[in-house]
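Student: The structure file run.txt (compact mmCIF, N, CA and C atoms) is provided below.
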# COMPACT_ATOMS: atom_id res chain seq x y z
N MET Z 242 0.83 -1.17 0.00
CA MET Z 242 0.00 0.00 0.00
C MET Z 242 0.89 1.25 0.00
N ILE Z 243 0.51 2.23 -0.78
CA ILE Z 243 1.24 3.50 -0.86
C ILE Z 243 0.63 4.48 0.13
N PRO Z 244 1.45 5.11 0.99
CA PRO Z 244 0.90 6.05 1.98
C PRO Z 244 0.29 7.29 1.32
N ASP Z 245 -0.62 7.92 2.03
CA ASP Z 245 -1.28 9.13 1.53
C ASP Z 245 -0.38 10.36 1.62
N THR Z 246 0.55 10.35 2.55
CA THR Z 246 1.43 11.50 2.73
C THR Z 246 2.88 11.05 2.89
N ALA Z 247 3.76 11.97 2.64
CA ALA Z 247 5.19 11.72 2.85
C ALA Z 247 5.80 12.97 3.45
N TYR Z 248 6.85 12.78 4.20
CA TYR Z 248 7.53 13.88 4.89
C TYR Z 248 9.02 13.67 4.71
N VAL Z 249 9.71 14.69 4.24
CA VAL Z 249 11.16 14.60 4.05
C VAL Z 249 11.79 15.76 4.83
N GLU Z 250 12.86 15.45 5.54
CA GLU Z 250 13.52 16.45 6.36
C GLU Z 250 15.02 16.30 6.19
N GLY Z 251 15.75 17.39 6.29
CA GLY Z 251 17.20 17.31 6.19
C GLY Z 251 17.85 18.60 6.62
N THR Z 252 19.16 18.63 6.53
CA THR Z 252 19.96 19.80 6.88
C THR Z 252 20.90 20.10 5.73
N VAL Z 253 21.03 21.37 5.41
CA VAL Z 253 21.96 21.82 4.38
C VAL Z 253 22.89 22.84 5.01
N ARG Z 254 24.16 22.63 4.86
CA ARG Z 254 25.15 23.58 5.36
C ARG Z 254 26.14 23.88 4.25
N THR Z 255 26.44 25.15 4.06
CA THR Z 255 27.36 25.57 3.01
C THR Z 255 28.29 26.65 3.56
N PHE Z 256 29.25 27.04 2.75
CA PHE Z 256 30.17 28.11 3.16
C PHE Z 256 29.77 29.46 2.57
N SER Z 257 28.74 29.50 1.74
CA SER Z 257 28.37 30.79 1.15
C SER Z 257 26.85 30.90 1.01
N GLN Z 258 26.38 32.14 1.07
CA GLN Z 258 24.96 32.39 0.88
C GLN Z 258 24.53 32.06 -0.54
N THR Z 259 25.41 32.27 -1.50
CA THR Z 259 25.10 31.94 -2.90
C THR Z 259 24.80 30.45 -3.05
N ALA Z 260 25.63 29.62 -2.43
CA ALA Z 260 25.40 28.17 -2.49
C ALA Z 260 24.12 27.79 -1.77
N ARG Z 261 23.84 28.42 -0.63
CA ARG Z 261 22.61 28.14 0.12
C ARG Z 261 21.38 28.46 -0.72
N ASP Z 262 21.42 29.62 -1.37
CA ASP Z 262 20.29 30.03 -2.21
C ASP Z 262 20.09 29.08 -3.38
N LEU Z 263 21.19 28.68 -4.02
CA LEU Z 263 21.10 27.76 -5.15
C LEU Z 263 20.54 26.40 -4.73
N ILE Z 264 21.00 25.89 -3.59
CA ILE Z 264 20.52 24.59 -3.11
C ILE Z 264 19.02 24.64 -2.81
N GLU Z 265 18.58 25.72 -2.17
CA GLU Z 265 17.14 25.84 -1.90
C GLU Z 265 16.35 25.89 -3.20
N GLN Z 266 16.82 26.69 -4.14
CA GLN Z 266 16.14 26.80 -5.44
C GLN Z 266 16.05 25.44 -6.13
N ARG Z 267 17.14 24.70 -6.14
CA ARG Z 267 17.15 23.39 -6.81
C ARG Z 267 16.25 22.38 -6.08
N PHE Z 268 16.27 22.40 -4.76
CA PHE Z 268 15.38 21.52 -4.00
C PHE Z 268 13.92 21.80 -4.36
N ARG Z 269 13.58 23.07 -4.40
CA ARG Z 269 12.20 23.45 -4.74
C ARG Z 269 11.83 22.93 -6.13
N GLN Z 270 12.76 23.08 -7.09
CA GLN Z 270 12.50 22.61 -8.45
C GLN Z 270 12.34 21.09 -8.51
N ILE Z 271 13.22 20.37 -7.85
CA ILE Z 271 13.19 18.91 -7.88
C ILE Z 271 11.92 18.39 -7.24
N VAL Z 272 11.59 18.91 -6.06
CA VAL Z 272 10.41 18.44 -5.34
C VAL Z 272 9.13 18.77 -6.12
N ALA Z 273 9.08 19.98 -6.71
CA ALA Z 273 7.91 20.35 -7.52
C ALA Z 273 7.79 19.44 -8.73
N GLY Z 274 8.92 19.09 -9.32
CA GLY Z 274 8.90 18.17 -10.47
C GLY Z 274 8.40 16.79 -10.10
N ILE Z 275 8.83 16.27 -8.97
CA ILE Z 275 8.39 14.95 -8.52
C ILE Z 275 6.89 14.98 -8.21
N ALA Z 276 6.45 16.03 -7.51
CA ALA Z 276 5.03 16.15 -7.18
C ALA Z 276 4.19 16.22 -8.45
N SER Z 277 4.64 17.02 -9.40
CA SER Z 277 3.91 17.16 -10.66
C SER Z 277 3.86 15.85 -11.43
N THR Z 278 4.96 15.13 -11.46
CA THR Z 278 5.04 13.86 -12.17
C THR Z 278 4.01 12.86 -11.65
N PHE Z 279 3.81 12.84 -10.35
CA PHE Z 279 2.92 11.86 -9.74
C PHE Z 279 1.55 12.45 -9.36
N GLY Z 280 1.29 13.69 -9.76
CA GLY Z 280 0.00 14.29 -9.47
C GLY Z 280 -0.24 14.53 -7.98
N ALA Z 281 0.82 14.80 -7.27
CA ALA Z 281 0.71 14.99 -5.82
C ALA Z 281 0.64 16.46 -5.46
N GLU Z 282 0.04 16.74 -4.32
CA GLU Z 282 0.07 18.10 -3.77
C GLU Z 282 1.36 18.26 -2.99
N LEU Z 283 1.82 19.50 -2.91
CA LEU Z 283 3.12 19.76 -2.30
C LEU Z 283 3.03 20.93 -1.34
N GLU Z 284 3.60 20.76 -0.16
CA GLU Z 284 3.85 21.86 0.76
C GLU Z 284 5.34 21.84 1.04
N PHE Z 285 6.03 22.90 0.66
CA PHE Z 285 7.48 22.98 0.82
C PHE Z 285 7.79 24.03 1.87
N ILE Z 286 8.41 23.63 2.95
CA ILE Z 286 8.78 24.55 4.02
C ILE Z 286 10.30 24.52 4.14
N TRP Z 287 10.91 25.68 4.05
CA TRP Z 287 12.37 25.78 4.12
C TRP Z 287 12.75 26.66 5.31
N HIS Z 288 13.41 26.08 6.29
CA HIS Z 288 13.93 26.83 7.44
C HIS Z 288 15.42 27.03 7.20
N ALA Z 289 15.82 28.24 6.91
CA ALA Z 289 17.21 28.49 6.50
C ALA Z 289 18.22 28.22 7.61
N GLY Z 290 17.90 28.50 8.85
CA GLY Z 290 18.87 28.32 9.92
C GLY Z 290 19.99 29.34 9.81
N PRO Z 291 20.96 29.26 10.71
CA PRO Z 291 22.04 30.25 10.69
C PRO Z 291 22.99 30.02 9.52
N PRO Z 292 23.62 31.09 9.03
CA PRO Z 292 24.64 30.92 8.00
C PRO Z 292 25.88 30.27 8.61
N SER Z 293 26.83 29.96 7.77
CA SER Z 293 28.08 29.40 8.27
C SER Z 293 28.92 30.46 8.96
N VAL Z 294 29.66 30.02 9.94
CA VAL Z 294 30.62 30.89 10.61
C VAL Z 294 31.79 31.09 9.66
N VAL Z 295 32.08 32.35 9.37
CA VAL Z 295 33.21 32.67 8.49
C VAL Z 295 34.11 33.64 9.25
N ASN Z 296 35.20 33.12 9.76
CA ASN Z 296 36.10 33.93 10.57
C ASN Z 296 36.91 34.90 9.72
N THR Z 297 37.15 36.08 10.28
CA THR Z 297 37.97 37.09 9.64
C THR Z 297 39.43 36.76 9.93
N PRO Z 298 40.25 36.54 8.90
CA PRO Z 298 41.65 36.14 9.13
C PRO Z 298 42.40 37.06 10.09
N GLU Z 299 42.19 38.37 9.99
CA GLU Z 299 42.88 39.32 10.89
C GLU Z 299 42.56 39.01 12.35
N TRP Z 300 41.29 38.71 12.67
CA TRP Z 300 40.90 38.46 14.05
C TRP Z 300 41.31 37.05 14.50
N VAL Z 301 41.40 36.13 13.57
CA VAL Z 301 41.93 34.80 13.92
C VAL Z 301 43.38 34.95 14.35
N ASP Z 302 44.17 35.64 13.54
CA ASP Z 302 45.59 35.87 13.86
C ASP Z 302 45.73 36.60 15.20
N PHE Z 303 44.88 37.59 15.42
CA PHE Z 303 44.91 38.35 16.66
C PHE Z 303 44.64 37.44 17.87
N ALA Z 304 43.59 36.63 17.78
CA ALA Z 304 43.22 35.72 18.88
C ALA Z 304 44.33 34.71 19.15
N LEU Z 305 44.96 34.21 18.09
CA LEU Z 305 46.07 33.26 18.27
C LEU Z 305 47.27 33.94 18.92
N ARG Z 306 47.56 35.18 18.51
CA ARG Z 306 48.69 35.91 19.10
C ARG Z 306 48.46 36.16 20.58
N VAL Z 307 47.27 36.60 20.96
CA VAL Z 307 46.97 36.86 22.37
C VAL Z 307 47.07 35.55 23.16
N ALA Z 308 46.56 34.47 22.60
CA ALA Z 308 46.66 33.17 23.30
C ALA Z 308 48.12 32.81 23.54
N ASP Z 309 48.95 32.99 22.53
CA ASP Z 309 50.38 32.68 22.65
C ASP Z 309 51.03 33.56 23.71
N GLU Z 310 50.72 34.85 23.70
CA GLU Z 310 51.28 35.78 24.70
C GLU Z 310 50.89 35.39 26.12
N GLU Z 311 49.71 34.84 26.28
CA GLU Z 311 49.20 34.46 27.60
C GLU Z 311 49.60 33.03 27.98
N GLY Z 312 50.35 32.34 27.11
CA GLY Z 312 50.84 31.01 27.42
C GLY Z 312 49.83 29.89 27.19
N PHE Z 313 48.84 30.15 26.35
CA PHE Z 313 47.84 29.11 26.06
C PHE Z 313 48.17 28.43 24.74
N GLU Z 314 47.86 27.15 24.68
CA GLU Z 314 48.01 26.42 23.42
C GLU Z 314 46.79 26.72 22.57
N ALA Z 315 47.03 27.22 21.38
CA ALA Z 315 45.93 27.55 20.47
C ALA Z 315 46.33 27.11 19.07
N ARG Z 316 45.34 26.75 18.30
CA ARG Z 316 45.64 26.34 16.92
C ARG Z 316 44.51 26.76 16.00
N ARG Z 317 44.89 26.95 14.78
CA ARG Z 317 43.95 27.27 13.72
C ARG Z 317 43.27 25.97 13.31
N VAL Z 318 41.98 26.01 13.07
CA VAL Z 318 41.26 24.80 12.63
C VAL Z 318 40.75 25.01 11.22
N ASP Z 319 40.50 23.91 10.54
CA ASP Z 319 39.96 23.98 9.19
C ASP Z 319 38.56 24.57 9.21
N ALA Z 320 38.19 25.16 8.09
CA ALA Z 320 36.84 25.70 7.96
C ALA Z 320 35.82 24.58 8.15
N SER Z 321 34.73 24.90 8.81
CA SER Z 321 33.69 23.92 9.06
C SER Z 321 32.34 24.64 8.99
N PRO Z 322 31.37 24.06 8.31
CA PRO Z 322 30.07 24.73 8.21
C PRO Z 322 29.21 24.52 9.46
N ILE Z 323 29.79 24.81 10.61
CA ILE Z 323 29.05 24.65 11.85
C ILE Z 323 27.88 25.62 11.88
N GLY Z 324 26.81 25.21 12.49
CA GLY Z 324 25.64 26.08 12.60
C GLY Z 324 25.65 26.77 13.95
N GLU Z 325 26.04 28.01 13.98
CA GLU Z 325 26.12 28.78 15.22
C GLU Z 325 25.46 30.13 15.04
N ASP Z 326 24.72 30.56 16.04
CA ASP Z 326 24.10 31.89 15.99
C ASP Z 326 25.14 32.99 15.87
N PHE Z 327 26.36 32.73 16.30
CA PHE Z 327 27.44 33.71 16.21
C PHE Z 327 27.61 34.20 14.78
N ALA Z 328 27.27 33.37 13.80
CA ALA Z 328 27.41 33.76 12.40
C ALA Z 328 26.58 34.99 12.07
N PHE Z 329 25.47 35.19 12.76
CA PHE Z 329 24.66 36.39 12.53
C PHE Z 329 25.42 37.65 12.95
N TYR Z 330 26.18 37.57 14.04
CA TYR Z 330 27.02 38.70 14.44
C TYR Z 330 28.06 38.98 13.37
N GLN Z 331 28.64 37.91 12.82
CA GLN Z 331 29.69 38.07 11.82
C GLN Z 331 29.17 38.67 10.52
N GLN Z 332 27.87 38.65 10.32
CA GLN Z 332 27.33 39.34 9.14
C GLN Z 332 27.35 40.86 9.34
N LYS Z 333 27.44 41.30 10.59
CA LYS Z 333 27.46 42.72 10.92
C LYS Z 333 28.86 43.25 11.20
N LEU Z 334 29.69 42.41 11.83
CA LEU Z 334 31.03 42.82 12.25
C LEU Z 334 32.04 41.71 11.98
N PRO Z 335 33.28 42.07 11.64
CA PRO Z 335 34.31 41.04 11.49
C PRO Z 335 34.64 40.43 12.86
N GLY Z 336 35.01 39.18 12.88
CA GLY Z 336 35.36 38.55 14.14
C GLY Z 336 35.81 37.12 13.94
N THR Z 337 36.00 36.45 15.06
CA THR Z 337 36.40 35.04 15.00
C THR Z 337 35.65 34.25 16.06
N PHE Z 338 35.19 33.09 15.67
CA PHE Z 338 34.53 32.16 16.56
C PHE Z 338 35.59 31.19 17.05
N MET Z 339 35.69 31.05 18.37
CA MET Z 339 36.72 30.19 18.94
C MET Z 339 36.08 29.06 19.71
N MET Z 340 36.75 27.95 19.72
CA MET Z 340 36.34 26.83 20.55
C MET Z 340 37.39 26.64 21.62
N VAL Z 341 36.95 26.51 22.86
CA VAL Z 341 37.87 26.34 23.98
C VAL Z 341 37.76 24.90 24.46
N GLY Z 342 38.87 24.25 24.53
CA GLY Z 342 38.89 22.87 25.00
C GLY Z 342 39.62 22.76 26.32
N SER Z 343 39.40 21.64 26.99
CA SER Z 343 40.10 21.44 28.25
C SER Z 343 40.85 20.11 28.27
N GLY Z 344 40.95 19.50 27.10
CA GLY Z 344 41.76 18.29 26.99
C GLY Z 344 41.10 17.02 27.47
N GLY Z 345 39.80 17.04 27.66
CA GLY Z 345 39.09 15.84 28.11
C GLY Z 345 38.99 14.80 27.01
N PRO Z 346 38.60 13.59 27.38
CA PRO Z 346 38.55 12.51 26.40
C PRO Z 346 37.34 12.55 25.47
N TYR Z 347 36.33 13.36 25.78
CA TYR Z 347 35.10 13.36 24.98
C TYR Z 347 34.86 14.73 24.37
N THR Z 348 34.30 14.73 23.16
CA THR Z 348 34.01 15.97 22.46
C THR Z 348 32.71 16.58 22.98
N LEU Z 349 32.47 17.81 22.58
CA LEU Z 349 31.39 18.63 23.12
C LEU Z 349 30.01 17.95 23.12
N HIS Z 350 29.62 17.30 22.05
CA HIS Z 350 28.27 16.73 21.97
C HIS Z 350 28.20 15.27 22.40
N HIS Z 351 29.27 14.74 22.92
CA HIS Z 351 29.28 13.36 23.40
C HIS Z 351 28.53 13.30 24.73
N PRO Z 352 27.71 12.27 24.96
CA PRO Z 352 26.94 12.20 26.21
C PRO Z 352 27.79 12.15 27.47
N LYS Z 353 29.04 11.74 27.37
CA LYS Z 353 29.91 11.68 28.54
C LYS Z 353 30.78 12.93 28.71
N PHE Z 354 30.59 13.91 27.83
CA PHE Z 354 31.38 15.15 27.95
C PHE Z 354 31.06 15.84 29.26
N ARG Z 355 32.09 16.29 29.95
CA ARG Z 355 31.95 17.07 31.18
C ARG Z 355 32.93 18.24 31.11
N VAL Z 356 32.49 19.40 31.54
CA VAL Z 356 33.37 20.56 31.57
C VAL Z 356 34.37 20.36 32.70
N ASP Z 357 35.63 20.60 32.39
CA ASP Z 357 36.69 20.55 33.40
C ASP Z 357 36.69 21.91 34.09
N ASP Z 358 36.18 21.97 35.31
CA ASP Z 358 36.07 23.24 36.03
C ASP Z 358 37.41 23.99 36.14
N SER Z 359 38.51 23.25 36.13
CA SER Z 359 39.81 23.91 36.26
C SER Z 359 40.15 24.74 35.01
N ALA Z 360 39.41 24.56 33.93
CA ALA Z 360 39.66 25.33 32.71
C ALA Z 360 38.90 26.65 32.71
N LEU Z 361 37.96 26.83 33.62
CA LEU Z 361 37.11 28.03 33.59
C LEU Z 361 37.89 29.32 33.88
N PHE Z 362 38.70 29.34 34.93
CA PHE Z 362 39.43 30.56 35.27
C PHE Z 362 40.45 30.92 34.18
N PRO Z 363 41.27 29.99 33.71
CA PRO Z 363 42.20 30.36 32.63
C PRO Z 363 41.47 30.84 31.37
N THR Z 364 40.33 30.26 31.06
CA THR Z 364 39.57 30.71 29.89
C THR Z 364 39.04 32.12 30.10
N ALA Z 365 38.52 32.40 31.30
CA ALA Z 365 38.04 33.75 31.60
C ALA Z 365 39.18 34.75 31.50
N HIS Z 366 40.37 34.37 31.99
CA HIS Z 366 41.53 35.24 31.90
C HIS Z 366 41.88 35.53 30.43
N TYR Z 367 41.90 34.49 29.62
CA TYR Z 367 42.21 34.67 28.19
C TYR Z 367 41.18 35.58 27.53
N LEU Z 368 39.90 35.34 27.78
CA LEU Z 368 38.85 36.16 27.16
C LEU Z 368 38.94 37.62 27.63
N HIS Z 369 39.31 37.82 28.89
CA HIS Z 369 39.53 39.17 29.40
C HIS Z 369 40.65 39.85 28.63
N GLN Z 370 41.77 39.17 28.50
CA GLN Z 370 42.91 39.74 27.77
C GLN Z 370 42.55 39.99 26.30
N LEU Z 371 41.81 39.07 25.72
CA LEU Z 371 41.40 39.21 24.32
C LEU Z 371 40.51 40.45 24.15
N ALA Z 372 39.55 40.61 25.04
CA ALA Z 372 38.64 41.77 24.97
C ALA Z 372 39.43 43.06 25.19
N LYS Z 373 40.30 43.07 26.18
CA LYS Z 373 41.09 44.28 26.51
C LYS Z 373 41.97 44.68 25.33
N GLN Z 374 42.69 43.72 24.79
CA GLN Z 374 43.60 44.04 23.68
C GLN Z 374 42.82 44.36 22.40
N SER Z 375 41.67 43.75 22.23
CA SER Z 375 40.83 44.08 21.06
C SER Z 375 40.38 45.52 21.12
N LEU Z 376 39.92 45.94 22.30
CA LEU Z 376 39.48 47.34 22.45
C LEU Z 376 40.64 48.31 22.26
N GLU Z 377 41.81 47.94 22.77
CA GLU Z 377 42.99 48.80 22.57
C GLU Z 377 43.33 48.91 21.09
N GLN Z 378 43.28 47.80 20.39
CA GLN Z 378 43.60 47.80 18.96
C GLN Z 378 42.57 48.63 18.17
N LEU Z 379 41.30 48.44 18.50
CA LEU Z 379 40.25 49.17 17.78
C LEU Z 379 40.31 50.67 18.07
N SER Z 380 40.66 51.04 19.29
CA SER Z 380 40.71 52.47 19.62
C SER Z 380 41.91 53.17 19.01
N SER Z 381 42.92 52.41 18.60
CA SER Z 381 44.11 53.02 18.00
C SER Z 381 43.98 53.20 16.49
N ARG Z 382 42.89 52.73 15.93
CA ARG Z 382 42.71 52.84 14.46
C ARG Z 382 42.26 54.22 14.06
Output the structure of this file as structure tokens.

Tutor:
Amino acid sequence: MIPDTAYVEGTVRTFSQTARDLIEQRFRQIVAGIASTFGAELEFIWHAGPPSVVNTPEWVDFALRVADEEGFEARRVDASPIGEDFAFYQQKLPGTFMMVGSGGPYTLHHPKFRVDDSALFPTAHYLHQLAKQSLEQLSSR
């Protein structure tokens, strides 16, 4: 027996708004074509979600330099189409999204992940220095 209704859900992540727009357009075309072919009614709902985080190279270098000056281990990571609300800020202002780790055995979304409380004070210190030096740099421009 063929069901009366069908529901399809998914996630699309890209590095550019142009690619996001094109993918949505193509999805709409494909789904409309399938519905038309089989004489089906269609309701297409597209929730765009946040754009990709795109770090500004100048601020990445700045954050790495401050981390090094403060004695923290920091590294540049490959681009990733992570879905973060921070990306909306980056559409207004240049910046960098950072991930702070504490060296635990489990990653952030793992059910056994636990924050290492001993990392909180050093992280607060780093963020304080980063904010202070950022304001100094911006005020000297």

Student: Taking only C-alpha atoms into account, which of Z:Ala365, Z:Ala304, Z:Ile286, Z:Ala360 comes nearest Glu250 in chain Z?

Tutor: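 Among the listed residues, the smallest separation from Glu250 in chain Z belongs to Z:Ile286.
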
Student: Run DSSP on the backbone and grab whatever in chain Z lands in alpha helix (DSSP H); send it over as JSON, numbers by chain.

Tutor: {"Z": [258, 259, 260, 261, 262, 263, 264, 265, 266, 267, 268, 269, 270, 271, 272, 273, 274, 275, 276, 277, 278, 298, 299, 300, 301, 302, 303, 304, 305, 306, 307, 308, 309, 310, 327, 328, 329, 330, 331, 361, 362, 363, 364, 365, 366, 367, 368, 369, 370, 371, 372, 373, 374, 375, 376, 377, 378, 379, 380]}

Student: Would you mind reading off the distance between atom C of Gly336 in chain Z and atom N of Glu299 in chain Z, one decimal, in Å?

Tutor: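 Taking atom C of Gly336 in chain Z and atom N of Glu299 in chain Z, their separation equals 7.6 Å.
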
Student: When you look at Val294 in chain Z with a cut-off of 8 Å (counting all atoms listed in the file), what residues show up, excluding the ones that are within fewer than 3 positions of it in the same chain? I need them as a list in words.

Tutor: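 Contacts, with the query itself left out: Thr255, Phe256, Pro291, Thr297, Ala320, Ser321, Pro322, Ile323, Gly324, Glu325, Asp326, Phe327, Ala328, Phe329, Gln331 and Phe338 of chain Z.
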
Student: So how many Å separate atom N of Arg261 in chain Z and CA of Pro292 in chain Z, to one decimal?

Tutor: 9.0 Å

Student: What separation in Å, quoted to one decimal, exists between atom C of Gly344 in chain Z and atom C of Val301 in chain Z?

Tutor: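 The value is 22.3 Å.
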
Student: Which of these residues is nearest to Gln370 in chain Z, using only C-alpha atoms: Z:Val356, Z:Ala308, Z:Ala273, Z:Met340?

Tutor: Z:Ala308

Student: Which residue gives the smallest distance to Ser343 in chain Z among Z:Thr259, Z:Tyr330, Z:Gln270, Z:Ser359, with only N, CA and C atoms counted?

Tutor: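 Checking each of Z:Thr259, Z:Tyr330, Z:Gln270, Z:Ser359 against Ser343 in chain Z, counting only N, CA and C atoms, the winner is Z:Ser359.
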